[in-house]
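Structure first, then comments.
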Amino acid sequence: MATATGIHHRSYKAELRLRHTKAEWARLALIFLGLFLAPYILNTYWLGIGNSILIAVIGAVGLNILVGFTGQISLGQGGFLAVGAYTSAILSTRAGLPVPVAVIVAVLATAVIGALFGLPALRLKGLYLAIATLASQEIIMFVVKRWGWLTEDKGYIEVPRLNLFGWQIERETFELQWYWILLPVTVLSVFAARNLFRTALGRSFMAVRDQDIAAEAIGVNLTRAKVTAFAVSSGFVGLSGALSAYYTETVTWERFSLDVSVLYLAMIIVGGLGSIAGSVYGAVFMMLLPALLTEAGDKVRDTAPFISEQLPAIKNAVFGLAIIAFLLVEPRGLDRIWSRIKDYIRFWPFRY
């Protein structure tokens with residue numbers, strides 16, 4: 001035979017494996033090899049972009065759990081990032097808690113607040129739910145901007161250099177050391193999210209997304225499923241916010257505006273709704289796009305200075321065009337494009 005006719009399983013255990021073929025294991029090995037070599041190939045600037053991508057991946061995965069897998073739209077991503085960042089920063093700087101403990105508490109606090117703001121999802125859908133989550137964004141932003149106690153009336157929280165059990169990040173190798181901290185955390189987060197949808201809880205999320213009335217008819221508790229989805233999603237987002245607080249060493253409300261919520265929503269649209277891998281692809285694409293446009297603007301600064309002058313406007317235009325292009329050409333995002341490429345290679349030279 002020229003090619004395999006399909007993937008056949010002889011047991012439930014084999015069917016439940018995350019990887020089924022040698023090609024999938026080979027691709028995974030190449031990915032880990034690339035991640036291992038990246039800090040030794042990239043310069044400091046691009047390694048910093050890579051660290052930002054790793055943080056963004058966690059937040060995008062969390063949002064996709066809610067929007068892509070559960071079908072509950074949310075525009076409050078920036079607010080939940082702020083909850084994680086402010087909580088962890090305050091606990092570590094004022095309460096004196098160790099950083100890992102502060103991060104865990106921040107994740108739990110964000111999950112609880114996310115569940116509270118998810119209560120409207122029990123009665124609202126679609127555009128109405130989007131407006132309700134937008135209200136959560138504005139409420140959280142109002143609190144962090146107006147409540148002087150959070151920042152001791154300074155308007156920001158200055159976070160000391162990361163110190164883990166006596167080991168402190170060094171300025172000379174700042175990006176490299178952070179890369180080796182963020183990489184395992186991001187990999188574990190993606191792995192946890194991927195396995196979540198192999199459980200009864202994760203499958204109940206997808207049942208609610210596909211048809212909530214039918215899901216309730218077969219025994220899914222809609223109240224528990226929706227509120228838990230908000231809590232789990234917000235927990236991932238809180239982790240992303242907490243990591244960003246220690247990485248940037250400064251927590252200010254400007255980092256968590258509505259623009260950030262739109263950016264994360266764009267990540268999962270471009271990457272692919274209802275796909276953990278799509279969350280990763282979308283985060284990489286949307287975080288690399290501004291950096292690549294900046295590089296291009298710097299290269300044509302002398303020959304076309306007007307492009308450099310209008311670079312912020314060009315970034316916004318390209319950002320919007322990218323979203324429109326994916327919605328029109330491939331609504332299922334980069335994940336679907338990658339699946340088509342794999343199918344083409346697997347079945348070549350046949351069309352089907």
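Here, A, B, ... name the chains of the structure tokens in the order displayed, residue numbers run from 1 inside each chain, and ligands are numbered from 1 in the same displayed order.
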
>> Quick one: residues within 7 Å of stretch 66-74 of chain A, only C-alpha atoms, excluding same-chain residues fewer than 4 positions away - as a PyMOL selection string?
In response: chain A and resi 62+126+129-130+133+205-206+208-209+229-230+233+273-274

Just the selected residues (N, CA and C atoms), exported as a PDB file, in the first residue's frame, please.
```
ATOM      1  N   GLY A  62      -6.232  29.405  28.535  1.00  0.00           N
ATOM      2  CA  GLY A  62      -7.314  29.615  29.482  1.00  0.00           C
ATOM      3  C   GLY A  62      -8.546  30.203  28.824  1.00  0.00           C
ATOM      4  N   GLY A 126     -24.520  34.585  24.155  1.00  0.00           N
ATOM      5  CA  GLY A 126     -24.164  35.397  23.001  1.00  0.00           C
ATOM      6  C   GLY A 126     -23.745  36.809  23.352  1.00  0.00           C
ATOM      7  N   LEU A 129     -24.035  37.967  26.997  1.00  0.00           N
ATOM      8  CA  LEU A 129     -22.966  37.478  27.863  1.00  0.00           C
ATOM      9  C   LEU A 129     -21.680  38.250  27.615  1.00  0.00           C
ATOM     10  N   ALA A 130     -21.410  38.583  26.363  1.00  0.00           N
ATOM     11  CA  ALA A 130     -20.219  39.368  26.039  1.00  0.00           C
ATOM     12  C   ALA A 130     -20.248  40.712  26.756  1.00  0.00           C
ATOM     13  N   THR A 133     -19.479  40.185  30.486  1.00  0.00           N
ATOM     14  CA  THR A 133     -18.054  39.994  30.765  1.00  0.00           C
ATOM     15  C   THR A 133     -17.266  41.277  30.523  1.00  0.00           C
ATOM     16  N   PHE A 205     -17.993  20.371  29.336  1.00  0.00           N
ATOM     17  CA  PHE A 205     -17.808  21.707  28.749  1.00  0.00           C
ATOM     18  C   PHE A 205     -18.187  21.689  27.270  1.00  0.00           C
ATOM     19  N   MET A 206     -17.680  20.685  26.551  1.00  0.00           N
ATOM     20  CA  MET A 206     -17.943  20.617  25.113  1.00  0.00           C
ATOM     21  C   MET A 206     -19.407  20.321  24.822  1.00  0.00           C
ATOM     22  N   VAL A 208     -21.923  21.393  26.623  1.00  0.00           N
ATOM     23  CA  VAL A 208     -22.604  22.678  26.800  1.00  0.00           C
ATOM     24  C   VAL A 208     -22.414  23.550  25.571  1.00  0.00           C
ATOM     25  N   ARG A 209     -21.212  23.533  25.018  1.00  0.00           N
ATOM     26  CA  ARG A 209     -20.949  24.328  23.815  1.00  0.00           C
ATOM     27  C   ARG A 209     -21.786  23.858  22.634  1.00  0.00           C
ATOM     28  N   ALA A 229     -16.288  26.180  34.253  1.00  0.00           N
ATOM     29  CA  ALA A 229     -15.537  26.610  33.076  1.00  0.00           C
ATOM     30  C   ALA A 229     -14.959  28.002  33.283  1.00  0.00           C
ATOM     31  N   PHE A 230     -15.756  28.909  33.831  1.00  0.00           N
ATOM     32  CA  PHE A 230     -15.248  30.250  34.132  1.00  0.00           C
ATOM     33  C   PHE A 230     -14.121  30.190  35.149  1.00  0.00           C
ATOM     34  N   SER A 233     -10.928  28.504  33.494  1.00  0.00           N
ATOM     35  CA  SER A 233     -10.362  29.445  32.541  1.00  0.00           C
ATOM     36  C   SER A 233      -9.670  30.594  33.247  1.00  0.00           C
ATOM     37  N   LEU A 273     -10.550  28.197  17.428  1.00  0.00           N
ATOM     38  CA  LEU A 273     -11.413  27.987  18.590  1.00  0.00           C
ATOM     39  C   LEU A 273     -11.597  26.496  18.845  1.00  0.00           C
ATOM     40  N   GLY A 274     -11.610  26.130  20.116  1.00  0.00           N
ATOM     41  CA  GLY A 274     -11.798  24.727  20.457  1.00  0.00           C
ATOM     42  C   GLY A 274     -10.588  23.869  20.181  1.00  0.00           C
TER      43      GLY A 274
END
```

>> Report, in Å to a single decimal, how far apart atom CA of A:Leu122 and atom CA of A:Ala215 are.
In response: 14.1 Å

Apply DSSP to the structure's backbone, then extract all residues of stretch 178-324 of chain A labelled alpha helix (DSSP H) and return them as a compact mmCIF listing (two decimals) with N, CA and C atoms, in the first residue's frame.
```
# COMPACT_ATOMS: atom_id res chain seq x y z
N TRP A 178 14.80 33.35 32.81
CA TRP A 178 13.34 33.37 32.78
C TRP A 178 12.79 32.37 31.77
N TYR A 179 13.51 32.18 30.68
CA TYR A 179 13.06 31.21 29.67
C TYR A 179 12.96 29.81 30.28
N TRP A 180 13.97 29.43 31.06
CA TRP A 180 13.96 28.09 31.64
C TRP A 180 12.98 27.97 32.80
N ILE A 181 12.50 29.10 33.31
CA ILE A 181 11.41 29.05 34.30
C ILE A 181 10.06 28.96 33.60
N LEU A 182 9.86 29.78 32.58
CA LEU A 182 8.57 29.86 31.90
C LEU A 182 8.28 28.64 31.04
N LEU A 183 9.31 28.08 30.42
CA LEU A 183 9.09 26.96 29.51
C LEU A 183 8.41 25.77 30.19
N PRO A 184 8.93 25.24 31.30
CA PRO A 184 8.25 24.09 31.93
C PRO A 184 6.86 24.44 32.44
N VAL A 185 6.67 25.67 32.96
CA VAL A 185 5.35 26.06 33.44
C VAL A 185 4.35 26.08 32.29
N THR A 186 4.77 26.62 31.15
CA THR A 186 3.88 26.68 29.99
C THR A 186 3.58 25.30 29.44
N VAL A 187 4.60 24.45 29.35
CA VAL A 187 4.40 23.09 28.86
C VAL A 187 3.44 22.32 29.76
N LEU A 188 3.61 22.45 31.07
CA LEU A 188 2.71 21.76 32.00
C LEU A 188 1.29 22.31 31.90
N SER A 189 1.15 23.61 31.70
CA SER A 189 -0.18 24.21 31.56
C SER A 189 -0.88 23.69 30.32
N VAL A 190 -0.16 23.64 29.20
CA VAL A 190 -0.74 23.13 27.96
C VAL A 190 -1.09 21.65 28.11
N PHE A 191 -0.22 20.89 28.75
CA PHE A 191 -0.48 19.46 28.95
C PHE A 191 -1.71 19.26 29.84
N ALA A 192 -1.84 20.07 30.89
CA ALA A 192 -2.99 19.96 31.79
C ALA A 192 -4.28 20.29 31.05
N ALA A 193 -4.24 21.36 30.24
CA ALA A 193 -5.44 21.74 29.49
C ALA A 193 -5.80 20.67 28.47
N ARG A 194 -4.80 20.10 27.82
CA ARG A 194 -5.05 19.06 26.83
C ARG A 194 -5.70 17.84 27.47
N ASN A 195 -5.26 17.50 28.66
CA ASN A 195 -5.82 16.33 29.33
C ASN A 195 -7.15 16.62 30.00
N LEU A 196 -7.45 17.90 30.25
CA LEU A 196 -8.72 18.25 30.86
C LEU A 196 -9.89 17.74 30.02
N ALA A 200 -14.38 13.67 32.29
CA ALA A 200 -15.83 13.91 32.23
C ALA A 200 -16.14 15.40 32.33
N LEU A 201 -15.37 16.12 33.13
CA LEU A 201 -15.58 17.56 33.27
C LEU A 201 -15.35 18.28 31.95
N GLY A 202 -14.24 17.97 31.30
CA GLY A 202 -13.95 18.61 30.02
C GLY A 202 -14.97 18.28 28.96
N ARG A 203 -15.44 17.04 28.95
CA ARG A 203 -16.44 16.65 27.95
C ARG A 203 -17.79 17.32 28.24
N SER A 204 -18.05 17.61 29.52
CA SER A 204 -19.28 18.35 29.83
C SER A 204 -19.20 19.78 29.31
N PHE A 205 -17.99 20.37 29.34
CA PHE A 205 -17.81 21.71 28.75
C PHE A 205 -18.19 21.69 27.27
N MET A 206 -17.68 20.69 26.55
CA MET A 206 -17.94 20.62 25.11
C MET A 206 -19.41 20.32 24.82
N ALA A 207 -20.04 19.55 25.69
CA ALA A 207 -21.47 19.27 25.52
C ALA A 207 -22.29 20.55 25.67
N VAL A 208 -21.92 21.39 26.62
CA VAL A 208 -22.60 22.68 26.80
C VAL A 208 -22.41 23.55 25.57
N ARG A 209 -21.21 23.53 25.02
CA ARG A 209 -20.95 24.33 23.82
C ARG A 209 -21.79 23.86 22.63
N ASP A 210 -21.86 22.56 22.43
CA ASP A 210 -22.54 22.03 21.25
C ASP A 210 -24.06 22.21 21.33
N ASP A 212 -26.61 23.06 24.81
CA ASP A 212 -26.78 23.00 26.26
C ASP A 212 -28.07 22.28 26.68
N ILE A 213 -29.13 22.41 25.88
CA ILE A 213 -30.39 21.74 26.24
C ILE A 213 -30.22 20.22 26.16
N ALA A 214 -29.58 19.75 25.10
CA ALA A 214 -29.32 18.32 24.97
C ALA A 214 -28.37 17.83 26.05
N ALA A 215 -27.37 18.67 26.41
CA ALA A 215 -26.43 18.30 27.46
C ALA A 215 -27.16 18.11 28.79
N GLU A 216 -28.08 19.02 29.09
CA GLU A 216 -28.84 18.91 30.33
C GLU A 216 -29.73 17.67 30.30
N ALA A 217 -30.24 17.33 29.13
CA ALA A 217 -31.11 16.16 29.01
C ALA A 217 -30.38 14.86 29.29
N LEU A 222 -25.76 22.05 34.08
CA LEU A 222 -25.36 23.26 33.36
C LEU A 222 -24.76 24.30 34.30
N THR A 223 -25.36 24.45 35.47
CA THR A 223 -24.85 25.44 36.42
C THR A 223 -23.42 25.13 36.80
N ARG A 224 -23.16 23.89 37.17
CA ARG A 224 -21.82 23.50 37.58
C ARG A 224 -20.84 23.61 36.41
N ALA A 225 -21.25 23.17 35.24
CA ALA A 225 -20.36 23.17 34.08
C ALA A 225 -19.95 24.59 33.70
N LYS A 226 -20.91 25.51 33.62
CA LYS A 226 -20.60 26.87 33.19
C LYS A 226 -19.76 27.61 34.22
N VAL A 227 -20.14 27.51 35.48
CA VAL A 227 -19.38 28.20 36.53
C VAL A 227 -17.98 27.61 36.65
N THR A 228 -17.87 26.29 36.56
CA THR A 228 -16.55 25.65 36.63
C THR A 228 -15.69 26.05 35.44
N ALA A 229 -16.29 26.18 34.25
CA ALA A 229 -15.54 26.61 33.08
C ALA A 229 -14.96 28.00 33.28
N PHE A 230 -15.76 28.91 33.83
CA PHE A 230 -15.25 30.25 34.13
C PHE A 230 -14.12 30.19 35.15
N ALA A 231 -14.27 29.34 36.17
CA ALA A 231 -13.26 29.24 37.21
C ALA A 231 -11.95 28.66 36.66
N VAL A 232 -12.04 27.56 35.91
CA VAL A 232 -10.84 26.94 35.36
C VAL A 232 -10.15 27.88 34.38
N SER A 233 -10.93 28.50 33.49
CA SER A 233 -10.36 29.44 32.54
C SER A 233 -9.67 30.59 33.25
N SER A 234 -10.32 31.17 34.24
CA SER A 234 -9.75 32.30 34.97
C SER A 234 -8.50 31.88 35.74
N GLY A 235 -8.45 30.62 36.21
CA GLY A 235 -7.27 30.14 36.89
C GLY A 235 -6.05 30.17 35.99
N PHE A 236 -6.21 29.70 34.77
CA PHE A 236 -5.11 29.76 33.80
C PHE A 236 -4.70 31.20 33.54
N VAL A 237 -5.70 32.06 33.37
CA VAL A 237 -5.42 33.48 33.09
C VAL A 237 -4.72 34.12 34.29
N GLY A 238 -5.15 33.78 35.50
CA GLY A 238 -4.49 34.30 36.69
C GLY A 238 -3.03 33.89 36.77
N LEU A 239 -2.73 32.65 36.37
CA LEU A 239 -1.34 32.19 36.33
C LEU A 239 -0.53 33.04 35.35
N SER A 240 -1.10 33.29 34.18
CA SER A 240 -0.43 34.13 33.19
C SER A 240 -0.17 35.53 33.75
N GLY A 241 -1.17 36.11 34.42
CA GLY A 241 -1.00 37.44 34.99
C GLY A 241 0.05 37.47 36.09
N ALA A 242 0.07 36.44 36.94
CA ALA A 242 1.06 36.38 38.02
C ALA A 242 2.48 36.28 37.46
N LEU A 243 2.66 35.45 36.45
CA LEU A 243 3.99 35.32 35.84
C LEU A 243 4.43 36.63 35.19
N SER A 244 3.49 37.31 34.55
CA SER A 244 3.84 38.58 33.91
C SER A 244 4.26 39.62 34.95
N ALA A 245 3.67 39.58 36.15
CA ALA A 245 4.04 40.53 37.20
C ALA A 245 5.50 40.36 37.60
N TYR A 246 5.94 39.12 37.80
CA TYR A 246 7.33 38.88 38.20
C TYR A 246 8.29 39.06 37.03
N TYR A 247 7.83 38.78 35.83
CA TYR A 247 8.71 38.93 34.67
C TYR A 247 8.98 40.40 34.35
N THR A 248 7.93 41.23 34.35
CA THR A 248 8.10 42.65 34.05
C THR A 248 8.57 43.46 35.25
N LEU A 258 -8.66 47.01 27.98
CA LEU A 258 -9.56 46.28 27.08
C LEU A 258 -8.82 45.82 25.82
N ASP A 259 -7.81 46.58 25.40
CA ASP A 259 -7.02 46.17 24.24
C ASP A 259 -6.40 44.80 24.44
N VAL A 260 -5.99 44.51 25.67
CA VAL A 260 -5.39 43.20 25.97
C VAL A 260 -6.44 42.11 25.84
N SER A 261 -7.66 42.39 26.30
CA SER A 261 -8.75 41.41 26.16
C SER A 261 -9.01 41.10 24.69
N VAL A 262 -9.01 42.14 23.86
CA VAL A 262 -9.24 41.95 22.43
C VAL A 262 -8.08 41.17 21.81
N LEU A 263 -6.86 41.46 22.25
CA LEU A 263 -5.69 40.76 21.72
C LEU A 263 -5.78 39.26 21.99
N TYR A 264 -6.15 38.88 23.21
CA TYR A 264 -6.25 37.46 23.54
C TYR A 264 -7.39 36.80 22.79
N LEU A 265 -8.49 37.53 22.59
CA LEU A 265 -9.58 36.98 21.80
C LEU A 265 -9.13 36.75 20.37
N ALA A 266 -8.32 37.66 19.85
CA ALA A 266 -7.77 37.50 18.50
C ALA A 266 -6.85 36.28 18.43
N MET A 267 -6.10 36.02 19.48
CA MET A 267 -5.20 34.86 19.50
C MET A 267 -5.96 33.57 19.26
N ILE A 268 -7.07 33.38 19.97
CA ILE A 268 -7.77 32.11 19.85
C ILE A 268 -8.59 32.05 18.56
N ILE A 269 -8.98 33.20 18.01
CA ILE A 269 -9.67 33.20 16.72
C ILE A 269 -8.70 32.82 15.62
N VAL A 270 -7.53 33.45 15.62
CA VAL A 270 -6.52 33.17 14.61
C VAL A 270 -5.97 31.75 14.76
N GLY A 271 -5.75 31.32 16.01
CA GLY A 271 -5.20 29.99 16.23
C GLY A 271 -6.20 28.89 15.98
N ILE A 276 -6.49 23.34 21.75
CA ILE A 276 -5.39 23.74 22.62
C ILE A 276 -4.18 24.11 21.79
N ALA A 277 -3.89 23.30 20.76
CA ALA A 277 -2.78 23.62 19.88
C ALA A 277 -3.01 24.95 19.18
N GLY A 278 -4.27 25.22 18.80
CA GLY A 278 -4.60 26.48 18.16
C GLY A 278 -4.31 27.67 19.06
N SER A 279 -4.51 27.51 20.37
CA SER A 279 -4.18 28.58 21.32
C SER A 279 -2.69 28.91 21.26
N VAL A 280 -1.87 27.87 21.16
CA VAL A 280 -0.42 28.07 21.07
C VAL A 280 -0.07 28.77 19.76
N TYR A 281 -0.62 28.28 18.64
CA TYR A 281 -0.33 28.89 17.34
C TYR A 281 -0.77 30.35 17.32
N GLY A 282 -1.95 30.63 17.85
CA GLY A 282 -2.46 31.99 17.83
C GLY A 282 -1.64 32.92 18.68
N ALA A 283 -1.20 32.47 19.85
CA ALA A 283 -0.36 33.30 20.72
C ALA A 283 0.97 33.61 20.04
N VAL A 284 1.56 32.60 19.42
CA VAL A 284 2.83 32.82 18.71
C VAL A 284 2.64 33.81 17.57
N PHE A 285 1.59 33.63 16.79
CA PHE A 285 1.35 34.49 15.62
C PHE A 285 1.11 35.94 16.05
N MET A 286 0.21 36.15 17.01
CA MET A 286 -0.17 37.51 17.38
C MET A 286 0.91 38.23 18.18
N MET A 287 1.79 37.49 18.85
CA MET A 287 2.89 38.13 19.57
C MET A 287 4.08 38.40 18.66
N LEU A 288 4.26 37.56 17.65
CA LEU A 288 5.37 37.77 16.71
C LEU A 288 5.06 38.87 15.70
N LEU A 289 3.78 39.02 15.35
CA LEU A 289 3.40 39.97 14.31
C LEU A 289 3.88 41.39 14.59
N PRO A 290 3.63 41.97 15.78
CA PRO A 290 4.14 43.33 16.03
C PRO A 290 5.66 43.42 15.99
N ALA A 291 6.33 42.38 16.52
CA ALA A 291 7.80 42.40 16.53
C ALA A 291 8.36 42.36 15.11
N LEU A 292 7.75 41.54 14.25
CA LEU A 292 8.21 41.46 12.87
C LEU A 292 7.94 42.76 12.12
N LEU A 293 6.80 43.38 12.38
CA LEU A 293 6.49 44.66 11.74
C LEU A 293 7.45 45.74 12.21
N THR A 294 7.83 45.71 13.47
CA THR A 294 8.81 46.67 13.98
C THR A 294 10.16 46.48 13.32
N GLU A 295 10.56 45.21 13.15
CA GLU A 295 11.83 44.92 12.47
C GLU A 295 11.80 45.42 11.03
N ALA A 296 10.68 45.18 10.34
CA ALA A 296 10.56 45.65 8.95
C ALA A 296 10.59 47.17 8.88
N GLY A 297 9.93 47.83 9.85
CA GLY A 297 9.94 49.30 9.87
C GLY A 297 11.33 49.85 10.09
N ASP A 298 12.12 49.20 10.94
CA ASP A 298 13.49 49.66 11.17
C ASP A 298 14.36 49.51 9.93
N LYS A 299 14.12 48.46 9.16
CA LYS A 299 14.94 48.22 7.97
C LYS A 299 14.66 49.23 6.85
N PRO A 305 10.87 56.64 5.24
CA PRO A 305 10.65 57.12 6.62
C PRO A 305 9.18 57.26 6.99
N PHE A 306 8.32 57.47 6.01
CA PHE A 306 6.90 57.63 6.33
C PHE A 306 6.31 56.35 6.90
N ILE A 307 6.87 55.19 6.50
CA ILE A 307 6.39 53.92 7.05
C ILE A 307 6.73 53.81 8.53
N SER A 308 7.94 54.22 8.90
CA SER A 308 8.33 54.19 10.30
C SER A 308 7.48 55.13 11.13
N GLU A 309 7.14 56.27 10.55
CA GLU A 309 6.33 57.24 11.28
C GLU A 309 4.91 56.72 11.53
N LEU A 311 4.08 53.54 11.76
CA LEU A 311 4.17 52.14 12.16
C LEU A 311 3.09 51.73 13.16
N PRO A 312 2.79 52.53 14.20
CA PRO A 312 1.71 52.13 15.12
C PRO A 312 0.37 51.95 14.41
N ALA A 313 0.04 52.85 13.50
CA ALA A 313 -1.22 52.72 12.76
C ALA A 313 -1.18 51.49 11.84
N ILE A 314 -0.02 51.24 11.25
CA ILE A 314 0.12 50.07 10.37
C ILE A 314 -0.06 48.78 11.17
N LYS A 315 0.49 48.75 12.38
CA LYS A 315 0.33 47.56 13.23
C LYS A 315 -1.15 47.29 13.52
N ASN A 316 -1.89 48.34 13.85
CA ASN A 316 -3.32 48.17 14.13
C ASN A 316 -4.07 47.69 12.89
N ALA A 317 -3.69 48.25 11.72
CA ALA A 317 -4.36 47.85 10.49
C ALA A 317 -4.08 46.39 10.16
N VAL A 318 -2.83 45.97 10.28
CA VAL A 318 -2.46 44.59 10.00
C VAL A 318 -3.12 43.64 11.00
N PHE A 319 -3.20 44.08 12.25
CA PHE A 319 -3.86 43.31 13.29
C PHE A 319 -5.31 43.02 12.90
N GLY A 320 -6.03 44.07 12.49
CA GLY A 320 -7.43 43.89 12.09
C GLY A 320 -7.57 43.07 10.82
N LEU A 321 -6.68 43.30 9.85
CA LEU A 321 -6.76 42.55 8.60
C LEU A 321 -6.48 41.07 8.81
N ALA A 322 -5.58 40.76 9.74
CA ALA A 322 -5.28 39.35 10.02
C ALA A 322 -6.51 38.63 10.56
N ILE A 323 -7.22 39.28 11.47
CA ILE A 323 -8.42 38.67 12.04
C ILE A 323 -9.48 38.48 10.96
N ILE A 324 -9.70 39.51 10.13
CA ILE A 324 -10.70 39.43 9.06
C ILE A 324 -10.33 38.33 8.07
```

Rows by chain and residue number, stretch 177-280 of chain A within 7 Å of stretch 148-171 of chain A, shortest pair, only C-alpha atoms, as a Markdown table:
```
| residue | atom | partner | partner_atom | distance |
| --- | --- | --- | --- | --- |
| A:Gln177 | CA | A:Ile169 | CA | 6.7 |
| A:Tyr246 | CA | A:Leu162 | CA | 6.3 |
| A:Glu249 | CA | A:Val159 | CA | 4.6 |
| A:Thr250 | CA | A:Glu158 | CA | 4.8 |
| A:Val251 | CA | A:Ile157 | CA | 5.0 |
| A:Thr252 | CA | A:Tyr156 | CA | 4.8 |
```

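Atom pair atom CA of A:Asn221 / atom CA of A:Gly118: separated by 15.0 Å.
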
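Interatomic distance, atom CA of A:Ala23 against atom CA of A:Leu47: 28.6 Å.
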
>> I'd like the neighbourhood of A:Gly272 as a list of chain:residue names, where a residue qualifies if any of its atoms comes within 6 Å (using only C-alpha atoms), though same-chain residues fewer than 5 positions away should be ignored.
In response: A:Gly278, A:Arg332, A:Gly333, A:Asp335

Residue selection dump (N, CA and C atoms) as a PDB file, in the first residue's frame:
```pdb
ATOM      1  N   GLY A 278      -4.273  25.219  18.800  1.00  0.00           N
ATOM      2  CA  GLY A 278      -4.597  26.483  18.163  1.00  0.00           C
ATOM      3  C   GLY A 278      -4.311  27.672  19.065  1.00  0.00           C
ATOM      4  N   ARG A 332     -11.563  28.313  11.177  1.00  0.00           N
ATOM      5  CA  ARG A 332     -11.053  27.404  12.209  1.00  0.00           C
ATOM      6  C   ARG A 332      -9.582  27.636  12.507  1.00  0.00           C
ATOM      7  N   GLY A 333      -8.993  28.650  11.883  1.00  0.00           N
ATOM      8  CA  GLY A 333      -7.683  29.140  12.273  1.00  0.00           C
ATOM      9  C   GLY A 333      -6.490  28.326  11.813  1.00  0.00           C
ATOM     10  N   ASP A 335      -4.779  26.120  13.329  1.00  0.00           N
ATOM     11  CA  ASP A 335      -4.810  24.694  13.642  1.00  0.00           C
ATOM     12  C   ASP A 335      -5.397  23.894  12.492  1.00  0.00           C
TER      13      ASP A 335
END
```

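Each of A:Leu42, A:Leu108, A:Val300, A:Leu35 was compared to A:Leu54 using only C-alpha atoms, and A:Leu35 turns out to be the nearest.
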